[in-house]
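Before any comments, here is the structure.
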Amino acid sequence: MRKIAVAMAKGGVGKTTTAVTLAHGLAMTGATVVLVDCDTQGQAAGFLGVKPPHGVYEFVTGENRKGEPVSKNSALFPARDNLWLLAGGMGLVELKHRLGEYPRDQRHAVLASALVPKGDGLDYLIFDCAPGWDVLSVNVLMAADEVLCPVAMQAPSLEGLKVFFSYLLSAQKQNPALRLKYVLPTLFDRRTRHSPEVLGQLKKRFARQMCAPIGYNTGLSEAAARGQTIFELRPGAVSAEGYRLLVRKVIEDGKNQETHS
Ligand SMILES: Nc1ncnc2c1ncn2[C@@H]1O[C@H](COP(=O)(O)OP(=O)(O)OP(=O)(O)O)[C@@H](O)[C@H]1O
Ligand SMILES: [Mg+2]
């Protein structure tokens, strides 16, 4: 099973769009995928047009917000063929409080251990991270093996990246298996001076991790507003092609990992 965290400290860079689209794209190839929304905004459900009654809170604690028992399986919401959602949302505020009550040396591994038994028969766990950095972000980076970092093609985004890398380094001390695997340029707009400039700088710095850029495309926000992915609303859009390339790259890397292991 691959465990990929879509993470970046900066807000509004396309994390949720990427996590949802990648998860759906992988599921469309026949892979079994669980998308884990780790943001109190809980936007992944809306982007997929579903309203799960339960989510990460119930999955991790085994109970609903009234304290009644809830099975792990009922927290997993079928969002598309082969794709299940563990929804985020306000329940995560309470979950973060609870995590804070764990002993220091245990609180960062709670999500990882809650997810472990679900690994059977599952091909991908995709985590949609919140912006910023808190106990839940650390939990995600303890549960994941790979990080996909979306970077908006605007001038200050490289600054944001430096901050995020300092977080990543501290997470790697606790989870040495964690790798920055993909750097995905988003909101790329060829007509601006910034986008090609920032892309050039990124390519120099992250030659190995670079993915083909996702262009600026209003179709992506339109799709999210309608609760559809770009593959459903506009499969012919350039951004849909961009995300298909990402899906293919992720799958190919998996095959290479298998042949080298
Ligand atoms: N390539 C793109 N072109 C145009 N709009 C985009 C693109 N990618 C994402 N968007 C839009 O930008 C907004 C922010 O995207 P998204 O919610 O995916 O970012 P985020 O990093 O998850 O934000 P947050 O940090 O708040 O969680 C959304 O309205 C989304 O539809
Ligand atoms: Mg988001």
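Just remember, in the structure tokens the first chain shown is A, the second B, etc., residues are 1-based per chain, and ligands are 1-based in the order shown.
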
Give me, as a tab-separated table, the closest atom pair and its distance (Å, one decimal) for every residue of chain A within a cut-off of 6 Å of ligand 1, counting only C-alpha atoms and all ligand atoms, rows sorted by chain and rising number.
```
residue	atom	partner	partner_atom_place_in_ligand_line	distance
A:Gly11	CA	ligand 1	25 (O)	3.0
A:Gly12	CA	ligand 1	23 (O)	3.3
A:Val13	CA	ligand 1	21 (O)	3.8
A:Gly14	CA	ligand 1	18 (O)	3.2
A:Lys15	CA	ligand 1	22 (O)	3.7
A:Thr16	CA	ligand 1	22 (O)	3.7
A:Thr17	CA	ligand 1	18 (O)	3.6
A:Ala130	CA	ligand 1	27 (O)	5.2
A:Pro131	CA	ligand 1	25 (O)	4.4
A:Thr186	CA	ligand 1	1 (N)	5.2
A:Leu187	CA	ligand 1	1 (N)	4.1
A:Ile214	CA	ligand 1	1 (N)	5.3
A:Gly215	CA	ligand 1	1 (N)	5.1
A:Tyr216	CA	ligand 1	3 (N)	3.5
A:Asn217	CA	ligand 1	3 (N)	3.8
A:Thr218	CA	ligand 1	4 (C)	4.7
A:Leu220	CA	ligand 1	31 (O)	5.0
A:Ser221	CA	ligand 1	31 (O)	3.1
A:Ala224	CA	ligand 1	31 (O)	5.8
```

**Message:** So that I can check the surroundings of segment 92-106 of chain A, please list as a ChimeraX atom specification every protein, DNA and RNA residue that reaches within 12 Å of it, counting only C-alpha atoms and ignoring chain neighbours fewer than 3 positions away.
**Reply:** /A:36-42,54-66,86-89,109-113,129-130,133-139,142,174

Prev. selection, C-alpha atoms, output as an mmCIF file, in the first residue's frame:
```
data_model
loop_
_atom_site.group_PDB
_atom_site.id
_atom_site.type_symbol
_atom_site.label_atom_id
_atom_site.label_comp_id
_atom_site.auth_asym_id
_atom_site.auth_seq_id
_atom_site.Cartn_x
_atom_site.Cartn_y
_atom_site.Cartn_z
ATOM 1 C CA VAL A 36 -8.298 10.889 4.314
ATOM 2 C CA ASP A 37 -9.356 14.503 4.842
ATOM 3 C CA CYS A 38 -7.281 15.895 7.706
ATOM 4 C CA ASP A 39 -8.574 19.449 7.539
ATOM 5 C CA THR A 40 -11.188 21.010 9.831
ATOM 6 C CA GLN A 41 -12.510 22.782 6.706
ATOM 7 C CA GLY A 42 -13.638 19.310 5.555
ATOM 8 C CA HIS A 54 -18.895 10.136 9.985
ATOM 9 C CA GLY A 55 -15.214 10.579 9.267
ATOM 10 C CA VAL A 56 -11.685 10.626 10.678
ATOM 11 C CA TYR A 57 -12.875 11.507 14.193
ATOM 12 C CA GLU A 58 -15.138 8.449 14.439
ATOM 13 C CA PHE A 59 -12.584 6.235 12.690
ATOM 14 C CA VAL A 60 -9.815 7.101 15.140
ATOM 15 C CA THR A 61 -11.857 7.281 18.364
ATOM 16 C CA GLY A 62 -14.354 4.489 17.578
ATOM 17 C CA GLU A 63 -17.247 6.651 18.736
ATOM 18 C CA ASN A 64 -19.394 9.502 17.466
ATOM 19 C CA ARG A 65 -19.386 12.987 18.980
ATOM 20 C CA LYS A 66 -22.091 11.889 21.475
ATOM 21 C CA LEU A 86 -12.651 9.439 5.599
ATOM 22 C CA ALA A 87 -14.151 12.871 5.998
ATOM 23 C CA GLY A 88 -12.579 15.780 7.864
ATOM 24 C CA GLY A 89 -14.475 18.745 9.278
ATOM 25 C CA ALA A 109 1.493 8.088 16.091
ATOM 26 C CA VAL A 110 -2.256 7.876 16.841
ATOM 27 C CA LEU A 111 -3.469 8.251 13.237
ATOM 28 C CA ALA A 112 -0.830 5.844 11.920
ATOM 29 C CA SER A 113 -1.814 3.105 14.355
ATOM 30 C CA CYS A 129 -3.545 18.033 4.821
ATOM 31 C CA ALA A 130 -4.641 21.324 6.320
ATOM 32 C CA TRP A 133 1.208 22.913 11.099
ATOM 33 C CA ASP A 134 -0.279 21.201 14.140
ATOM 34 C CA VAL A 135 -0.537 17.880 15.966
ATOM 35 C CA LEU A 136 -2.698 16.439 13.174
ATOM 36 C CA SER A 137 -0.250 17.453 10.415
ATOM 37 C CA VAL A 138 2.505 15.663 12.348
ATOM 38 C CA ASN A 139 0.238 12.607 12.690
ATOM 39 C CA MET A 142 3.985 9.845 10.731
ATOM 40 C CA GLN A 174 10.437 10.670 13.782
#
```

**Item:** Among the residues A:Gly227, A:Pro213, A:Gly91, A:Pro185, the one that comes closest to Ala79 of chain A [using only C-alpha atoms]
**Value:**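 Once distances to Ala79 of chain A are computed over only C-alpha atoms, the minimum belongs to A:Gly227.
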
**Message:** Can you pull out every residue from segment 9-253 of chain A that DSSP, working from the backbone, puts in strand (DSSP E), and format the result as a VMD selection string?
**Reply:** chain A and resid 33 to 38 77 to 80 83 to 86 124 to 129 146 to 152 179 to 186

Just the selected residues (N, CA and C atoms), exported as a compact mmCIF listing (two decimals), in the first residue's frame, please.
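Result file is selection-v1.txt:
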```
# COMPACT_ATOMS: atom_id res chain seq x y z
N VAL A 33 -8.73 2.96 -3.20
CA VAL A 33 -8.16 4.18 -2.63
C VAL A 33 -9.01 4.66 -1.45
N VAL A 34 -8.33 5.07 -0.37
CA VAL A 34 -9.02 5.79 0.70
C VAL A 34 -8.43 7.20 0.77
N LEU A 35 -9.29 8.19 0.67
CA LEU A 35 -8.88 9.58 0.79
C LEU A 35 -9.18 10.02 2.22
N VAL A 36 -8.14 10.50 2.91
CA VAL A 36 -8.30 10.89 4.31
C VAL A 36 -8.21 12.41 4.41
N ASP A 37 -9.32 13.04 4.75
CA ASP A 37 -9.36 14.50 4.84
C ASP A 37 -8.95 14.92 6.26
N CYS A 38 -7.79 15.54 6.38
CA CYS A 38 -7.28 15.90 7.71
C CYS A 38 -7.39 17.38 7.96
N PHE A 77 -16.65 6.28 3.91
CA PHE A 77 -17.81 6.58 3.06
C PHE A 77 -17.49 6.29 1.59
N PRO A 78 -18.33 5.46 0.95
CA PRO A 78 -18.06 5.19 -0.47
C PRO A 78 -18.40 6.42 -1.31
N ALA A 79 -17.36 7.05 -1.91
CA ALA A 79 -17.58 8.31 -2.63
C ALA A 79 -17.67 8.10 -4.14
N ARG A 80 -16.95 7.11 -4.64
CA ARG A 80 -16.98 6.72 -6.06
C ARG A 80 -16.62 5.24 -6.12
N LEU A 83 -13.33 4.19 -4.46
CA LEU A 83 -12.82 5.33 -3.68
C LEU A 83 -13.67 5.56 -2.43
N TRP A 84 -13.01 5.49 -1.27
CA TRP A 84 -13.69 5.75 0.01
C TRP A 84 -13.13 7.02 0.62
N LEU A 85 -14.01 7.74 1.32
CA LEU A 85 -13.57 8.97 1.96
C LEU A 85 -13.66 8.83 3.48
N LEU A 86 -12.59 9.22 4.15
CA LEU A 86 -12.65 9.44 5.60
C LEU A 86 -12.73 10.95 5.75
N TYR A 124 -3.98 2.52 -2.12
CA TYR A 124 -3.49 3.86 -1.80
C TYR A 124 -4.25 4.49 -0.64
N LEU A 125 -3.50 5.13 0.24
CA LEU A 125 -4.08 6.07 1.21
C LEU A 125 -3.59 7.44 0.77
N ILE A 126 -4.52 8.35 0.50
CA ILE A 126 -4.13 9.70 0.10
C ILE A 126 -4.62 10.65 1.20
N PHE A 127 -3.71 11.42 1.77
CA PHE A 127 -4.08 12.35 2.84
C PHE A 127 -4.16 13.77 2.30
N ASP A 128 -5.27 14.43 2.58
CA ASP A 128 -5.37 15.86 2.27
C ASP A 128 -5.07 16.61 3.57
N CYS A 129 -3.95 17.34 3.60
CA CYS A 129 -3.55 18.03 4.82
C CYS A 129 -4.10 19.44 4.88
N GLU A 146 5.16 8.97 1.67
CA GLU A 146 5.54 9.87 0.58
C GLU A 146 4.81 11.19 0.75
N VAL A 147 5.48 12.26 0.35
CA VAL A 147 4.84 13.58 0.40
C VAL A 147 4.75 14.13 -1.01
N LEU A 148 3.56 14.61 -1.34
CA LEU A 148 3.34 15.33 -2.60
C LEU A 148 3.08 16.78 -2.21
N CYS A 149 3.91 17.65 -2.69
CA CYS A 149 3.84 19.04 -2.25
C CYS A 149 3.39 19.94 -3.42
N PRO A 150 2.14 20.42 -3.38
CA PRO A 150 1.71 21.34 -4.44
C PRO A 150 2.28 22.73 -4.18
N VAL A 151 2.83 23.34 -5.20
CA VAL A 151 3.40 24.69 -5.07
C VAL A 151 2.75 25.61 -6.09
N ALA A 152 2.08 26.64 -5.57
CA ALA A 152 1.42 27.60 -6.47
C ALA A 152 2.49 28.43 -7.16
N ARG A 179 9.51 10.41 2.54
CA ARG A 179 10.25 11.02 1.43
C ARG A 179 9.44 12.11 0.76
N LEU A 180 10.09 13.21 0.42
CA LEU A 180 9.45 14.18 -0.46
C LEU A 180 9.53 13.60 -1.87
N LYS A 181 8.40 13.14 -2.37
CA LYS A 181 8.43 12.36 -3.60
C LYS A 181 8.04 13.21 -4.81
N TYR A 182 7.08 14.11 -4.60
CA TYR A 182 6.56 14.87 -5.74
C TYR A 182 6.45 16.35 -5.40
N VAL A 183 6.93 17.19 -6.30
CA VAL A 183 6.67 18.62 -6.22
C VAL A 183 5.80 18.96 -7.43
N LEU A 184 4.59 19.40 -7.14
CA LEU A 184 3.62 19.63 -8.22
C LEU A 184 3.33 21.13 -8.37
N PRO A 185 3.81 21.74 -9.45
CA PRO A 185 3.49 23.15 -9.67
C PRO A 185 2.00 23.28 -10.02
N THR A 186 1.32 24.18 -9.30
CA THR A 186 -0.12 24.38 -9.56
C THR A 186 -0.39 25.83 -9.93
```

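Nearest-residue note for Leu199 of chain A: choosing from A:Met153, A:Met8, A:Ala225, A:Val250, the minimum distance belongs to A:Met153, counting only C-alpha atoms.
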
**Request:** Please run DSSP on the backbone and report, as a PyMOL selection string, all residues within segment 76-215 of chain A that come out as helix (DSSP H, G or I).
**Result:** chain A and resi 91-101+107-119+135-143+157-174+194-205
